[in-house]
$ cat my_file_34.cif   # mmCIF, N, CA and C atoms
data_final
loop_
_atom_site.label_atom_id
_atom_site.label_comp_id
_atom_site.auth_asym_id
_atom_site.auth_seq_id
_atom_site.Cartn_x
_atom_site.Cartn_y
_atom_site.Cartn_z
N MET A 17 23.42 180.99 189.84
CA MET A 17 22.70 181.49 190.99
C MET A 17 21.52 182.35 190.52
N GLU A 18 20.37 182.11 191.07
CA GLU A 18 19.17 182.84 190.69
C GLU A 18 19.20 184.26 191.26
N LYS A 19 18.76 185.20 190.45
CA LYS A 19 18.73 186.60 190.88
C LYS A 19 17.58 186.83 191.86
N THR A 20 17.86 187.65 192.86
CA THR A 20 16.81 188.03 193.81
C THR A 20 15.99 189.17 193.21
N ILE A 21 14.87 189.46 193.84
CA ILE A 21 14.05 190.57 193.35
C ILE A 21 14.79 191.90 193.48
N LEU A 22 15.67 192.02 194.49
CA LEU A 22 16.47 193.25 194.62
C LEU A 22 17.53 193.34 193.53
N ASP A 23 18.08 192.21 193.09
CA ASP A 23 19.00 192.21 191.94
C ASP A 23 18.27 192.71 190.69
N LEU A 24 17.07 192.18 190.47
CA LEU A 24 16.27 192.60 189.31
C LEU A 24 15.90 194.08 189.40
N ALA A 25 15.59 194.54 190.61
CA ALA A 25 15.27 195.96 190.81
C ALA A 25 16.48 196.83 190.52
N GLY A 26 17.66 196.38 190.92
CA GLY A 26 18.89 197.12 190.62
C GLY A 26 19.14 197.21 189.13
N GLU A 27 18.82 196.14 188.40
CA GLU A 27 18.95 196.16 186.94
C GLU A 27 17.95 197.12 186.31
N LEU A 28 16.72 197.13 186.82
CA LEU A 28 15.70 198.08 186.33
C LEU A 28 16.19 199.51 186.52
N LEU A 29 16.73 199.80 187.70
CA LEU A 29 17.22 201.14 188.00
C LEU A 29 18.40 201.50 187.09
N ALA A 30 19.31 200.57 186.89
CA ALA A 30 20.49 200.83 186.05
C ALA A 30 20.11 201.12 184.60
N LYS A 31 18.99 200.58 184.13
CA LYS A 31 18.52 200.83 182.77
C LYS A 31 17.71 202.13 182.66
N SER A 32 17.34 202.71 183.78
CA SER A 32 16.49 203.91 183.78
C SER A 32 17.35 205.15 183.60
N GLU A 33 17.19 205.80 182.46
CA GLU A 33 17.90 207.05 182.25
C GLU A 33 17.31 208.16 183.09
N VAL A 34 15.99 208.09 183.32
CA VAL A 34 15.28 209.10 184.09
C VAL A 34 14.56 208.42 185.23
N VAL A 35 14.66 209.03 186.41
CA VAL A 35 13.93 208.58 187.60
C VAL A 35 13.14 209.77 188.13
N THR A 36 12.22 209.50 189.03
CA THR A 36 11.58 210.61 189.73
C THR A 36 12.20 210.70 191.11
N LEU A 37 12.32 211.94 191.58
CA LEU A 37 12.91 212.22 192.88
C LEU A 37 11.95 213.13 193.63
N ALA A 38 11.60 212.74 194.84
CA ALA A 38 10.70 213.56 195.66
C ALA A 38 11.45 214.13 196.85
N SER A 39 11.25 215.43 197.05
CA SER A 39 11.76 216.11 198.24
C SER A 39 10.55 216.53 199.07
N VAL A 40 10.82 217.12 200.22
CA VAL A 40 9.75 217.61 201.09
C VAL A 40 9.88 219.13 201.17
N THR A 41 8.80 219.84 200.83
CA THR A 41 8.82 221.30 200.86
C THR A 41 8.80 221.82 202.29
N GLU A 42 9.00 223.12 202.41
CA GLU A 42 8.96 223.77 203.72
C GLU A 42 7.60 223.59 204.39
N GLU A 43 6.56 223.43 203.59
CA GLU A 43 5.20 223.25 204.12
C GLU A 43 4.88 221.77 204.38
N GLY A 44 5.83 220.88 204.12
CA GLY A 44 5.64 219.46 204.39
C GLY A 44 5.02 218.67 203.25
N PHE A 45 4.89 219.29 202.07
CA PHE A 45 4.33 218.60 200.91
C PHE A 45 5.42 217.88 200.14
N PRO A 46 5.10 216.72 199.52
CA PRO A 46 6.07 216.10 198.62
C PRO A 46 6.17 216.90 197.33
N ARG A 47 7.37 217.01 196.79
CA ARG A 47 7.60 217.70 195.50
C ARG A 47 8.39 216.76 194.62
N VAL A 48 7.79 216.31 193.53
CA VAL A 48 8.39 215.29 192.66
C VAL A 48 8.97 215.95 191.41
N CYS A 49 10.18 215.53 191.05
CA CYS A 49 10.86 216.02 189.83
C CYS A 49 11.38 214.84 189.03
N ALA A 50 11.37 214.98 187.72
CA ALA A 50 12.05 214.01 186.86
C ALA A 50 13.53 214.39 186.84
N MET A 51 14.38 213.38 187.01
CA MET A 51 15.82 213.62 187.10
C MET A 51 16.57 212.59 186.25
N ALA A 52 17.67 213.01 185.66
CA ALA A 52 18.55 212.07 184.97
C ALA A 52 19.33 211.29 186.03
N ARG A 53 19.28 209.98 185.94
CA ARG A 53 20.08 209.13 186.83
C ARG A 53 21.49 209.11 186.27
N VAL A 54 22.43 209.60 187.05
CA VAL A 54 23.82 209.66 186.59
C VAL A 54 24.53 208.34 186.84
N ARG A 55 24.28 207.77 188.02
CA ARG A 55 24.91 206.49 188.38
C ARG A 55 24.08 205.87 189.49
N SER A 56 24.16 204.55 189.59
CA SER A 56 23.50 203.87 190.71
C SER A 56 24.30 202.63 191.08
N GLU A 57 24.13 202.21 192.34
CA GLU A 57 24.74 200.98 192.84
C GLU A 57 23.61 200.11 193.38
N GLY A 58 23.21 199.11 192.60
CA GLY A 58 22.08 198.29 193.01
C GLY A 58 20.88 199.17 193.29
N VAL A 59 20.19 198.89 194.39
CA VAL A 59 19.07 199.75 194.79
C VAL A 59 19.47 200.65 195.97
N LYS A 60 20.70 200.55 196.41
CA LYS A 60 21.13 201.26 197.62
C LYS A 60 21.45 202.73 197.38
N THR A 61 22.13 203.06 196.27
CA THR A 61 22.61 204.42 196.07
C THR A 61 22.33 204.90 194.65
N VAL A 62 21.84 206.15 194.54
CA VAL A 62 21.58 206.77 193.24
C VAL A 62 22.18 208.17 193.27
N TRP A 63 22.90 208.53 192.20
CA TRP A 63 23.47 209.86 192.07
C TRP A 63 22.77 210.61 190.95
N MET A 64 22.51 211.90 191.20
CA MET A 64 21.90 212.79 190.22
C MET A 64 22.62 214.14 190.30
N ALA A 65 22.56 214.90 189.23
CA ALA A 65 23.18 216.23 189.22
C ALA A 65 22.10 217.29 189.15
N THR A 66 22.36 218.42 189.79
CA THR A 66 21.41 219.52 189.77
C THR A 66 22.12 220.82 190.09
N GLY A 67 21.36 221.89 190.14
CA GLY A 67 21.91 223.19 190.46
C GLY A 67 22.03 223.40 191.96
N THR A 68 23.10 224.05 192.35
CA THR A 68 23.35 224.34 193.76
C THR A 68 22.20 225.12 194.39
N TYR A 69 21.56 225.97 193.60
CA TYR A 69 20.49 226.82 194.14
C TYR A 69 19.10 226.40 193.69
N SER A 70 18.95 225.14 193.26
CA SER A 70 17.63 224.66 192.85
C SER A 70 16.73 224.50 194.06
N LYS A 71 15.44 224.47 193.83
CA LYS A 71 14.45 224.29 194.89
C LYS A 71 14.70 222.97 195.63
N LYS A 72 14.95 221.89 194.86
CA LYS A 72 15.15 220.59 195.49
C LYS A 72 16.41 220.58 196.35
N THR A 73 17.47 221.24 195.90
CA THR A 73 18.70 221.31 196.69
C THR A 73 18.41 222.04 198.01
N GLU A 74 17.68 223.12 197.92
CA GLU A 74 17.27 223.87 199.11
C GLU A 74 16.48 222.96 200.06
N HIS A 75 15.54 222.20 199.51
CA HIS A 75 14.75 221.28 200.34
C HIS A 75 15.64 220.26 201.04
N PHE A 76 16.56 219.63 200.29
CA PHE A 76 17.39 218.58 200.87
C PHE A 76 18.37 219.10 201.90
N ARG A 77 18.78 220.34 201.78
CA ARG A 77 19.67 220.92 202.80
C ARG A 77 18.92 221.09 204.13
N LYS A 78 17.61 221.29 204.05
CA LYS A 78 16.79 221.45 205.26
C LYS A 78 16.24 220.12 205.77
N ASN A 79 15.94 219.21 204.85
CA ASN A 79 15.33 217.93 205.21
C ASN A 79 15.80 216.89 204.19
N PRO A 80 16.66 215.96 204.59
CA PRO A 80 17.23 215.01 203.63
C PRO A 80 16.29 213.88 203.20
N LYS A 81 15.11 213.78 203.78
CA LYS A 81 14.20 212.68 203.43
C LYS A 81 13.76 212.78 201.97
N ALA A 82 13.77 211.62 201.30
CA ALA A 82 13.51 211.62 199.86
C ALA A 82 12.94 210.28 199.41
N SER A 83 12.46 210.28 198.17
CA SER A 83 12.03 209.05 197.53
C SER A 83 12.44 209.10 196.06
N VAL A 84 12.85 207.95 195.54
CA VAL A 84 13.22 207.79 194.13
C VAL A 84 12.35 206.68 193.57
N CYS A 85 11.88 206.88 192.33
CA CYS A 85 11.05 205.88 191.68
C CYS A 85 11.54 205.64 190.25
N ALA A 86 11.52 204.37 189.85
CA ALA A 86 11.85 204.00 188.47
C ALA A 86 10.76 203.06 187.97
N TYR A 87 10.48 203.12 186.67
CA TYR A 87 9.40 202.33 186.07
C TYR A 87 9.81 201.90 184.67
N SER A 88 9.48 200.65 184.33
CA SER A 88 9.75 200.18 182.97
C SER A 88 8.86 198.99 182.67
N GLY A 89 8.05 199.09 181.62
CA GLY A 89 7.27 197.97 181.12
C GLY A 89 6.38 197.29 182.14
N GLY A 90 5.82 198.02 183.06
CA GLY A 90 4.95 197.44 184.06
C GLY A 90 5.65 197.10 185.37
N ASP A 91 6.98 197.07 185.36
CA ASP A 91 7.75 196.83 186.58
C ASP A 91 8.10 198.17 187.22
N SER A 92 8.18 198.19 188.55
CA SER A 92 8.50 199.45 189.21
C SER A 92 9.32 199.24 190.47
N LEU A 93 9.99 200.31 190.86
CA LEU A 93 10.81 200.34 192.06
C LEU A 93 10.57 201.68 192.74
N THR A 94 10.24 201.64 194.03
CA THR A 94 10.11 202.85 194.83
C THR A 94 11.06 202.72 196.00
N LEU A 95 11.93 203.71 196.13
CA LEU A 95 12.92 203.74 197.21
C LEU A 95 12.61 204.90 198.14
N VAL A 96 12.83 204.72 199.42
CA VAL A 96 12.80 205.83 200.36
C VAL A 96 14.14 205.87 201.06
N GLY A 97 14.59 207.07 201.38
CA GLY A 97 15.89 207.23 202.02
C GLY A 97 16.22 208.68 202.22
N ASN A 98 17.51 208.98 202.14
CA ASN A 98 18.01 210.32 202.42
C ASN A 98 18.94 210.79 201.31
N VAL A 99 18.94 212.11 201.09
CA VAL A 99 19.80 212.72 200.08
C VAL A 99 20.85 213.59 200.77
N ALA A 100 22.09 213.45 200.31
CA ALA A 100 23.17 214.35 200.70
C ALA A 100 23.48 215.24 199.50
N VAL A 101 23.68 216.53 199.73
CA VAL A 101 24.07 217.47 198.68
C VAL A 101 25.59 217.55 198.71
N LEU A 102 26.22 217.11 197.61
CA LEU A 102 27.69 217.05 197.55
C LEU A 102 28.22 218.13 196.61
N THR A 103 29.20 218.87 197.10
CA THR A 103 29.81 219.94 196.30
C THR A 103 31.32 219.79 196.21
N ASP A 104 31.86 218.69 196.72
CA ASP A 104 33.31 218.52 196.70
C ASP A 104 33.80 218.28 195.27
N GLU A 105 34.98 218.78 194.99
CA GLU A 105 35.57 218.74 193.65
C GLU A 105 35.71 217.32 193.12
N GLU A 106 36.14 216.38 193.95
CA GLU A 106 36.37 215.01 193.51
C GLU A 106 35.08 214.34 193.02
N THR A 107 34.01 214.47 193.79
CA THR A 107 32.72 213.87 193.40
C THR A 107 32.18 214.52 192.14
N LYS A 108 32.24 215.85 192.08
CA LYS A 108 31.72 216.56 190.91
C LYS A 108 32.46 216.14 189.63
N LYS A 109 33.76 216.01 189.70
CA LYS A 109 34.55 215.60 188.53
C LYS A 109 34.30 214.14 188.18
N ASP A 110 34.17 213.30 189.19
CA ASP A 110 33.95 211.87 188.96
C ASP A 110 32.63 211.61 188.24
N LEU A 111 31.61 212.37 188.57
CA LEU A 111 30.28 212.14 187.99
C LEU A 111 29.95 213.04 186.80
N TRP A 112 30.86 213.93 186.44
CA TRP A 112 30.63 214.86 185.34
C TRP A 112 30.38 214.11 184.03
N GLN A 113 29.37 214.59 183.28
CA GLN A 113 29.09 214.08 181.95
C GLN A 113 29.06 215.27 181.00
N GLU A 114 29.53 215.07 179.79
CA GLU A 114 29.69 216.19 178.86
C GLU A 114 28.39 216.94 178.59
N TRP A 115 27.25 216.26 178.61
CA TRP A 115 25.99 216.96 178.33
C TRP A 115 25.61 217.93 179.44
N PHE A 116 26.25 217.82 180.61
CA PHE A 116 25.98 218.77 181.71
C PHE A 116 26.36 220.19 181.32
N ILE A 117 27.27 220.33 180.32
CA ILE A 117 27.81 221.65 179.97
C ILE A 117 26.72 222.64 179.60
N LYS A 118 25.60 222.16 179.04
CA LYS A 118 24.52 223.08 178.67
C LYS A 118 23.84 223.67 179.91
N HIS A 119 23.97 222.98 181.05
CA HIS A 119 23.40 223.49 182.30
C HIS A 119 24.44 224.18 183.17
N PHE A 120 25.68 223.73 183.06
CA PHE A 120 26.76 224.25 183.89
C PHE A 120 27.93 224.61 182.99
N PRO A 121 27.88 225.80 182.36
CA PRO A 121 28.85 226.17 181.32
C PRO A 121 30.29 226.28 181.79
N LYS A 122 30.53 226.34 183.10
CA LYS A 122 31.91 226.42 183.60
C LYS A 122 32.50 225.04 183.85
N GLY A 123 31.78 223.99 183.43
CA GLY A 123 32.29 222.63 183.57
C GLY A 123 32.16 222.10 184.98
N PRO A 124 32.93 221.07 185.30
CA PRO A 124 32.80 220.43 186.61
C PRO A 124 33.15 221.34 187.78
N ASP A 125 33.85 222.42 187.51
CA ASP A 125 34.19 223.38 188.56
C ASP A 125 33.12 224.46 188.74
N ASP A 126 32.06 224.39 187.94
CA ASP A 126 30.99 225.39 188.03
C ASP A 126 30.41 225.40 189.45
N PRO A 127 30.39 226.57 190.10
CA PRO A 127 29.86 226.64 191.47
C PRO A 127 28.35 226.38 191.54
N ASP A 128 27.67 226.43 190.39
CA ASP A 128 26.23 226.17 190.37
C ASP A 128 25.91 224.68 190.22
N TYR A 129 26.93 223.85 190.04
CA TYR A 129 26.76 222.40 189.85
C TYR A 129 27.01 221.66 191.16
N CYS A 130 26.08 220.77 191.50
CA CYS A 130 26.28 219.90 192.66
C CYS A 130 25.72 218.52 192.36
N VAL A 131 26.02 217.57 193.21
CA VAL A 131 25.59 216.19 193.06
C VAL A 131 24.67 215.84 194.22
N LEU A 132 23.56 215.18 193.89
CA LEU A 132 22.68 214.65 194.92
C LEU A 132 22.96 213.16 195.05
N LYS A 133 23.32 212.73 196.25
CA LYS A 133 23.57 211.31 196.51
C LYS A 133 22.42 210.79 197.38
N PHE A 134 21.62 209.91 196.79
CA PHE A 134 20.49 209.31 197.49
C PHE A 134 20.91 207.95 198.04
N ASP A 135 20.71 207.75 199.33
CA ASP A 135 20.97 206.46 199.97
C ASP A 135 19.66 205.89 200.47
N ALA A 136 19.28 204.75 199.94
CA ALA A 136 18.00 204.11 200.27
C ALA A 136 18.07 203.41 201.62
N VAL A 137 16.92 203.40 202.30
CA VAL A 137 16.76 202.59 203.51
C VAL A 137 15.70 201.51 203.29
N GLU A 138 14.84 201.72 202.28
CA GLU A 138 13.77 200.77 201.99
C GLU A 138 13.48 200.75 200.49
N ALA A 139 13.21 199.55 199.98
CA ALA A 139 12.87 199.38 198.56
C ALA A 139 11.56 198.62 198.47
N THR A 140 10.62 199.19 197.71
CA THR A 140 9.37 198.50 197.39
C THR A 140 9.43 198.19 195.90
N VAL A 141 9.30 196.90 195.59
CA VAL A 141 9.54 196.42 194.24
C VAL A 141 8.30 195.69 193.72
N TYR A 142 7.95 195.97 192.46
CA TYR A 142 6.94 195.18 191.75
C TYR A 142 7.57 194.77 190.43
N ILE A 143 8.01 193.51 190.37
CA ILE A 143 8.67 192.98 189.18
C ILE A 143 8.14 191.58 188.92
N ASN A 144 7.81 191.32 187.63
CA ASN A 144 7.31 190.01 187.23
C ASN A 144 6.14 189.56 188.12
N GLU A 145 5.27 190.51 188.43
CA GLU A 145 4.06 190.28 189.23
C GLU A 145 4.34 189.85 190.66
N VAL A 146 5.57 190.15 191.13
CA VAL A 146 5.92 189.91 192.53
C VAL A 146 6.06 191.28 193.19
N PHE A 147 5.40 191.44 194.35
CA PHE A 147 5.38 192.71 195.08
C PHE A 147 5.99 192.47 196.45
N GLU A 148 7.13 193.17 196.73
CA GLU A 148 7.81 192.99 198.01
C GLU A 148 8.42 194.31 198.48
N THR A 149 8.51 194.46 199.80
CA THR A 149 9.22 195.59 200.40
C THR A 149 10.36 195.05 201.24
N HIS A 150 11.53 195.68 201.11
CA HIS A 150 12.74 195.23 201.81
C HIS A 150 13.46 196.42 202.43
N ARG A 151 14.05 196.21 203.59
CA ARG A 151 15.03 197.16 204.14
C ARG A 151 16.32 196.94 203.35
N VAL A 152 17.01 198.01 203.04
CA VAL A 152 18.27 197.88 202.28
C VAL A 152 19.42 198.56 203.01
#

$ encode --input "my_file_34.cif" --output "structure tokens"
Amino acid sequence: MEKTILDLAGELLAKSEVVTLASVTEEGFPRVCAMARVRSEGVKTVWMATGTYSKKTEHFRKNPKASVCAYSGGDSLTLVGNVAVLTDEETKKDLWQEWFIKHFPKGPDDPDYCVLKFDAVEATVYINEVFETHRV
């Protein structure tokens, strides 16, 4: 079975160790940050870890609208959707990676550690010179 452009975009995202994540500031400006992609499911869902009191976490608690972008070798993926700030013990432990310890010295139970779950509603893809936008 031939892969769709969204399948290829999901593979691009899965290979991306770093993505960009945009939040919306209190003044309505986009604020873009480089983030480690912890996990993703196709192009629909992306998980990232950050500090409970980070600027981006503050933004997402007030306005969940977001964008995630991945790029590799001329191919790109831009997603728009919403971010949920997750602080539950199960999610934090499930997504914990040992290198997080330098940022969250108390481990997965660190109250300063939270997970950002991005759920896409739209994907704009440029892969193999094909440019398409899809609802997801």

$ atom_distance --input "my_file_34.cif" --atom1 "CA of Val48 in chain A" --atom2 "CA of Ser83 in chain A"
8.7 Å

$ resolve_selection --input "my_file_34.cif" --expression "the PyMOL selection byres ((chain A and resi 99) around 8)" --output "MDAnalysis selection string"
chainID A and resid 76:77 79:83 96:98 100:102 131:136

$ atom_distance --input "my_file_34.cif" --atom1 "CA of Leu29 in chain A" --atom2 "CA of Glu148 in chain A"
16.0 Å

$ atom_distance --input "my_file_34.cif" --atom1 "CA of Val35 in chain A" --atom2 "CA of Val137 in chain A"
17.2 Å

$ select_by_dssp --input "my_file_34.cif" --residues "range 22-123 of chain A" --states "helix (DSSP H, G or I)" --output "VMD selection string"
chain A and resid 22 to 31 71 to 78 105 to 111 114 to 118 123

$ select_by_dssp --input "my_file_34.cif" --residues "chain A" --states "strand (DSSP E)" --output "NGL selection string"
:A and (34-40 or 46-52 or 55-57 or 61-67 or 81-88 or 91-102 or 129-143 or 146-151)

$ resolve_selection --input "my_file_34.cif" --expression "the PyMOL selection byres (((chain A and resi 55 and name CA) around 10) and name CA)" --output "PyMOL selection string"
chain A and resi 29-30+32-33+52-54+56-58+61-65+111+133

$ resolve_selection --input "my_file_34.cif" --expression "the PyMOL selection byres ((chain A and resi 149) around 7)" --output "list in words"
Glu138, Ala139, Thr140, Val141, Phe147, Glu148, His150 and Arg151 of chain A

$ write_last_selection --input "my_file_34.cif" --atoms "N, CA and C atoms" --output "tab-separated table (two decimals), in the frame of the given file"
chain	number	residue	atom	x	y	z
A	138	GLU	N	14.84	201.72	202.28
A	138	GLU	CA	13.77	200.77	201.99
A	138	GLU	C	13.48	200.75	200.49
A	139	ALA	N	13.21	199.55	199.98
A	139	ALA	CA	12.87	199.38	198.56
A	139	ALA	C	11.56	198.62	198.47
A	140	THR	N	10.62	199.19	197.71
A	140	THR	CA	9.37	198.50	197.39
A	140	THR	C	9.43	198.19	195.90
A	141	VAL	N	9.30	196.90	195.59
A	141	VAL	CA	9.54	196.42	194.24
A	141	VAL	C	8.30	195.69	193.72
A	147	PHE	N	5.40	191.44	194.35
A	147	PHE	CA	5.38	192.71	195.08
A	147	PHE	C	5.99	192.47	196.45
A	148	GLU	N	7.13	193.17	196.73
A	148	GLU	CA	7.81	192.99	198.01
A	148	GLU	C	8.42	194.31	198.48
A	150	HIS	N	11.53	195.68	201.11
A	150	HIS	CA	12.74	195.23	201.81
A	150	HIS	C	13.46	196.42	202.43
A	151	ARG	N	14.05	196.21	203.59
A	151	ARG	CA	15.03	197.16	204.14
A	151	ARG	C	16.32	196.94	203.35

$ closest_residue --input "my_file_34.cif" --among "A:Thr107, A:Thr94, A:Ser88, A:Thr41" --to "Asp125 in chain A" --atoms "only C-alpha atoms"
A:Thr107
